[in-house]
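S.K.: The structure that follows is given in the form of structure tokens.
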Amino acid sequence: MTSKPKKLVTLDEYIIQSQNRFPGATGELSQLLRDIGLAAKIISREVNKAGITSLLGADGSKNIHGESVKKLDLFADEQLISALNRSLITCMVISEENDGIVSLNSQGGKYIVYLDPLDGSSNIDVNVSIGSIFSIYMRQTRYDPNPSESDALQSGVRQVAAGYVLYGSSTMMVYTTGLGVSAFTLDPSIGEFILFDDDFSMPKHGTIYSINEGSYNSWGEGLKKYIKYCQKEDPENGRPYSARYIGSMVADIHRTLVKGGIFIYPSSKVYPKGKLRLMYECNPLSFIIEQAGGMATNGDKRIMEIDPSAIHERTPIYIGSKQNVEEAMKFISSDKEMAVEAG
Ligand code: P6P
């Protein structure tokens with residue numbers, strides 16, 4: 001169920017219309033969202049011609065997590081940070097591509113922005129969809145000239161806005177400011193993001209489960225039982241679920257938002273705390289999914305209620321349609337209960 005707009009509305013027009021609904025609004029958050037939109041258009045242009053430019057392939061450097069950095073990652077990081085720097089309303093950026101906080105020109109800026117500049121970048125060379133993710137907070141120490149990491153360690157419920165840009169068969173921008181989910185598609189012929197849904201709601205239940213089954217042997221028993229439950233043949237309805245896994249979180253989450261179902265990245269032997277980043281992958285995508293009527297948990301608590309202790313911390317995540325996530329939690333929690341009983 002979605003609400004399709006009746007006439008062509010650009011991202012900039014929509015942001016201004018939305019701001020006008022709040023007479024006290026200063027326009028700064030609107031400006032921040034427009035900055036991200038501009039950077040997204042520039043990144044989209046490079047992503048869509050990466051195959052014929054020198055931006056493909058690793059540049060030899062590695063990010064703080066030891067992962068080889070593709071040149072497009074750096075390009076996306078630079079574009080987003082420079083766009084945010086120009087409007088002097090963001091005091092600092094935390095990005096997957098930078099070890100610590102990146103202080104911007106405006107130390108007094110009231111916003112903090114987390115970025116995954118190009119999530120799924122390992123898929124660049126095989127032309128699979130990738131995405132940029134952003135998460136926006138209001139800084140707590142308003143007048144401290146030197147914003148610090150502790151200012152950025154806020155739980156996801158304090159996000160003032162969050163969203164992603166998906167560079168796929170078309171480039172889409174999806175964001176929320178806490179009043180529903182708005183979705184836009186880039187029309188490259190005019191260089192504008194055009195509104196295509198201004199109140200996106202996701203299916204309450206879906207028949208797609210999305211997880212990297214290559215890690216099956218390192219899952220807990222409850223998760224193994226849940227995935228076997230999804231794979232069970234039903235004599236009347238045949239196979240009730242399908243498995244889909246792209247390996248690019250923005251693409252997997254966007255499909256989940258549109259078609260319903262569940263995406264899971266659990267803790268494992270390789271990633272005891274999960275692989276995905278709380279602050280610039282899980283929190284922003286959970287904000288979107290919750291605003292569309294879905295649910296996101298780490299297996300114990302709501303993702304957005306996790307109190308972060310580090311800007312790059314990881315978390316397990318079970319996210320998607322409410323009924324699918326609740327169904328999975330029944331298996332996970334029963335496994336935990338059995339583990340407790342077994343002592
Ligand atoms: P795996 C991409 O590298 C990423 O950070 C997410 O976009 C994606 O969901 C996940 O890692 C894929 O990880 O271990 O399944 O390859």
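Residue numbers start at 1 in each chain; chains themselves are named A, B, ... in the order of the structure tokens; ligands are numbered from 1 in the order shown.
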Would you list the residues that come within 10 Å of ligand 1? Count only C-alpha atoms and all ligand atoms and give the answer as number ranges by chain.

M.R.: A: 67, 116, 118-123, 129-132, 210-215, 245-253, 263-265, 270-271, 274-277, 281

S.K.: Dump as CSV the rows for residues of range 123-202 of chain A within 12 Å of range 36-52 of chain A: closest atom pair and distance in Å with one decimal, only C-alpha atoms counted, ordered by chain and rising residue number.

M.R.:
residue,atom,partner,partner_atom,distance
A:Asn123,CA,A:Val47,CA,11.4
A:Ile124,CA,A:Val47,CA,8.2
A:Asp125,CA,A:Gly51,CA,8.0
A:Val126,CA,A:Gly51,CA,9.8
A:Asn127,CA,A:Gly51,CA,8.6
A:Val128,CA,A:Val47,CA,10.8
A:Ser129,CA,A:Val47,CA,9.7
A:Ile130,CA,A:Val47,CA,8.9
A:Gly131,CA,A:Ser44,CA,9.5
A:Ser132,CA,A:Ala40,CA,7.9
A:Ile133,CA,A:Ile36,CA,10.1
A:Phe134,CA,A:Ile36,CA,8.5
A:Ser135,CA,A:Ile36,CA,11.0
A:Ile136,CA,A:Ile36,CA,11.1
A:Ala161,CA,A:Ile36,CA,11.8
A:Ala162,CA,A:Ile36,CA,10.9
A:Gly163,CA,A:Ile36,CA,9.9
A:Tyr164,CA,A:Ala40,CA,9.5
A:Val165,CA,A:Ala40,CA,6.9
A:Leu166,CA,A:Ser44,CA,8.8
A:Tyr167,CA,A:Ser44,CA,6.3
A:Gly168,CA,A:Asn48,CA,8.8
A:Ser169,CA,A:Asn48,CA,9.5
A:Ser170,CA,A:Ser44,CA,9.4
A:Thr171,CA,A:Ser44,CA,6.8
A:Met172,CA,A:Ala40,CA,9.4
A:Met173,CA,A:Gly37,CA,7.9
A:Val174,CA,A:Gly37,CA,10.4
A:Tyr175,CA,A:Gly37,CA,10.6
A:Phe184,CA,A:Gly37,CA,10.3
A:Thr185,CA,A:Lys41,CA,10.8
A:Leu186,CA,A:Lys41,CA,7.8
A:Asp187,CA,A:Lys41,CA,9.9
A:Pro188,CA,A:Lys41,CA,8.7
A:Ser189,CA,A:Arg45,CA,11.8
A:Ile190,CA,A:Lys41,CA,11.0
A:Gly191,CA,A:Lys41,CA,7.3
A:Glu192,CA,A:Lys41,CA,8.1
A:Phe193,CA,A:Gly37,CA,7.9
A:Ile194,CA,A:Gly37,CA,11.3

S.K.: For Ser333 in chain A, find every residue with an atom within 12 Å (counting only C-alpha atoms), except residues of its own chain fewer than 2 positions away, and show them as an NGL selection string.

M.R.: :A and (220-223 or 225-226 or 298-301 or 325-331 or 335-340)

S.K.: Once you have the residues from the selection above, write them out as a PDB file, in the first residue's frame, restricted to C-alpha atoms.

M.R.:
ATOM      1  CA  GLY A 220      23.128 -20.932  16.542  1.00  0.00           C
ATOM      2  CA  GLU A 221      20.671 -23.833  16.641  1.00  0.00           C
ATOM      3  CA  GLY A 222      17.659 -21.515  16.753  1.00  0.00           C
ATOM      4  CA  LEU A 223      18.654 -19.777  13.518  1.00  0.00           C
ATOM      5  CA  LYS A 225      15.852 -24.288  12.834  1.00  0.00           C
ATOM      6  CA  TYR A 226      14.296 -21.040  11.536  1.00  0.00           C
ATOM      7  CA  ASN A 298      19.783  -7.714  17.192  1.00  0.00           C
ATOM      8  CA  GLY A 299      18.122 -10.862  18.524  1.00  0.00           C
ATOM      9  CA  ASP A 300      17.816  -9.408  22.033  1.00  0.00           C
ATOM     10  CA  LYS A 301      16.668  -5.811  21.598  1.00  0.00           C
ATOM     11  CA  VAL A 325      11.006 -10.996  12.277  1.00  0.00           C
ATOM     12  CA  GLU A 326       8.664 -12.032  15.096  1.00  0.00           C
ATOM     13  CA  GLU A 327       8.520 -15.550  13.592  1.00  0.00           C
ATOM     14  CA  ALA A 328      12.348 -15.737  13.508  1.00  0.00           C
ATOM     15  CA  MET A 329      12.595 -14.457  17.102  1.00  0.00           C
ATOM     16  CA  LYS A 330      10.416 -17.362  18.303  1.00  0.00           C
ATOM     17  CA  PHE A 331      13.099 -19.770  17.063  1.00  0.00           C
ATOM     18  CA  ASP A 335      17.142 -21.656  21.435  1.00  0.00           C
ATOM     19  CA  LYS A 336      18.369 -19.179  24.068  1.00  0.00           C
ATOM     20  CA  GLU A 337      15.885 -20.579  26.621  1.00  0.00           C
ATOM     21  CA  MET A 338      17.095 -24.109  25.905  1.00  0.00           C
ATOM     22  CA  ALA A 339      20.709 -22.953  26.292  1.00  0.00           C
ATOM     23  CA  VAL A 340      19.838 -21.391  29.682  1.00  0.00           C
TER      24      VAL A 340
END

S.K.: With only C-alpha atoms as the atoms that count, which of A:Lys204, A:His65, A:Lys273, A:Arg142 lies nearest to Glu97 in chain A?

M.R.: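 Smallest distance to Glu97 in chain A is found for A:His65.
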
S.K.: Just give me the gap between CA of Met279 in chain A and CA of Leu195 in chain A in Å, one decimal is fine.

M.R.: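 Distance between the two atoms: 26.8 Å.
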
S.K.: Using DSSP on the backbone, list every residue of range 114-197 of chain A that comes out as strand (DSSP E), and give them as a VMD selection string.

M.R.: chain A and resid 114 to 119 130 to 138 161 to 167 171 to 176 181 to 187 192 to 197

S.K.: For the selection you just gave me, I'd like the residues written to a file as a compact mmCIF listing (two decimals), in the first residue's frame, keeping C-alpha atoms.

M.R.:
# COMPACT_ATOMS: atom_id res chain seq x y z
CA TYR A 114 27.26 9.04 9.76
CA LEU A 115 28.04 7.67 6.29
CA ASP A 116 28.63 4.40 4.60
CA PRO A 117 29.68 6.14 1.38
CA LEU A 118 29.49 3.11 -0.86
CA ASP A 119 28.10 0.01 0.83
CA ILE A 130 25.56 -0.78 -4.40
CA GLY A 131 24.45 2.04 -2.15
CA SER A 132 25.25 5.04 0.03
CA ILE A 133 23.76 5.13 3.54
CA PHE A 134 23.39 8.17 5.80
CA SER A 135 22.25 8.73 9.37
CA ILE A 136 21.78 12.20 10.87
CA TYR A 137 21.86 13.25 14.53
CA MET A 138 21.64 16.56 16.35
CA ALA A 161 16.82 11.61 9.57
CA ALA A 162 18.23 8.59 7.77
CA GLY A 163 18.24 7.14 4.29
CA TYR A 164 20.03 5.48 1.44
CA VAL A 165 20.78 5.91 -2.23
CA LEU A 166 20.64 2.71 -4.30
CA TYR A 167 22.73 2.69 -7.47
CA THR A 171 19.26 5.31 -8.95
CA MET A 172 16.83 5.70 -6.06
CA MET A 173 16.92 7.80 -2.92
CA VAL A 174 14.84 6.69 0.06
CA TYR A 175 14.78 8.63 3.33
CA THR A 176 12.78 9.35 6.46
CA VAL A 181 9.29 7.01 4.18
CA SER A 182 9.73 9.01 0.97
CA ALA A 183 11.15 7.45 -2.18
CA PHE A 184 12.60 9.11 -5.28
CA THR A 185 13.97 7.91 -8.61
CA LEU A 186 16.71 9.81 -10.44
CA ASP A 187 15.71 10.98 -13.92
CA GLU A 192 16.58 15.39 -10.77
CA PHE A 193 15.33 12.92 -8.18
CA ILE A 194 11.57 12.58 -8.82
CA LEU A 195 9.19 11.62 -6.02
CA PHE A 196 7.45 8.31 -6.63
CA ASP A 197 6.11 7.50 -3.18

S.K.: Hey, what's within 9 Å of Ser218 in chain A if we count only C-alpha atoms and toss same-chain stuff fewer than 4 positions away? As a list in words, please?

M.R.: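 That gives Ser267, Ser268, Lys269 and Val270 of chain A.
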
S.K.: Mind writing the picked residues with N, CA and C atoms as an mmCIF file, in the first residue's frame?

M.R.:
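Written output follows (result.cif):
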data_model
loop_
_atom_site.group_PDB
_atom_site.id
_atom_site.type_symbol
_atom_site.label_atom_id
_atom_site.label_comp_id
_atom_site.auth_asym_id
_atom_site.auth_seq_id
_atom_site.Cartn_x
_atom_site.Cartn_y
_atom_site.Cartn_z
ATOM 1 N N SER A 267 25.433 -13.111 14.258
ATOM 2 C CA SER A 267 26.814 -13.228 14.720
ATOM 3 C C SER A 267 27.310 -14.595 14.238
ATOM 4 N N SER A 268 28.614 -14.714 14.094
ATOM 5 C CA SER A 268 29.163 -15.998 13.613
ATOM 6 C C SER A 268 30.579 -16.141 14.160
ATOM 7 N N LYS A 269 31.213 -17.237 13.839
ATOM 8 C CA LYS A 269 32.594 -17.425 14.335
ATOM 9 C C LYS A 269 33.503 -16.318 13.779
ATOM 10 N N VAL A 270 33.292 -15.964 12.513
ATOM 11 C CA VAL A 270 34.150 -14.928 11.902
ATOM 12 C C VAL A 270 33.794 -13.556 12.472
#

S.K.: Ranking A:Phe75, A:Ser87, A:Lys228, A:Glu149 by minimum distance to Leu29 in chain A and counting only C-alpha atoms, which one comes first?

M.R.: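 Smallest distance to Leu29 in chain A is found for A:Ser87.
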
S.K.: Pick from A:Pro316, A:Gly156, A:Gly293, A:Gly238: nearest to Tyr280 in chain A, with only C-alpha atoms counted?

M.R.: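 Selected residue with least distance to Tyr280 in chain A: A:Gly156.
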
S.K.: So how far away is CA of Ser18 in chain A from CA of Ala152 in chain A, in Å?

M.R.: 26.3 Å

S.K.: Excluding Cys230 in chain A and its own-chain neighbours fewer than 2 positions away, which residues fall within 8 Å of it when counting only C-alpha atoms? Please give them as a list of chain:residue names.

M.R.: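 Here the qualifying residues turn out to be A:Tyr209, A:Tyr226, A:Ile227, A:Lys228, A:Lys232, A:Pro240, A:Tyr241.
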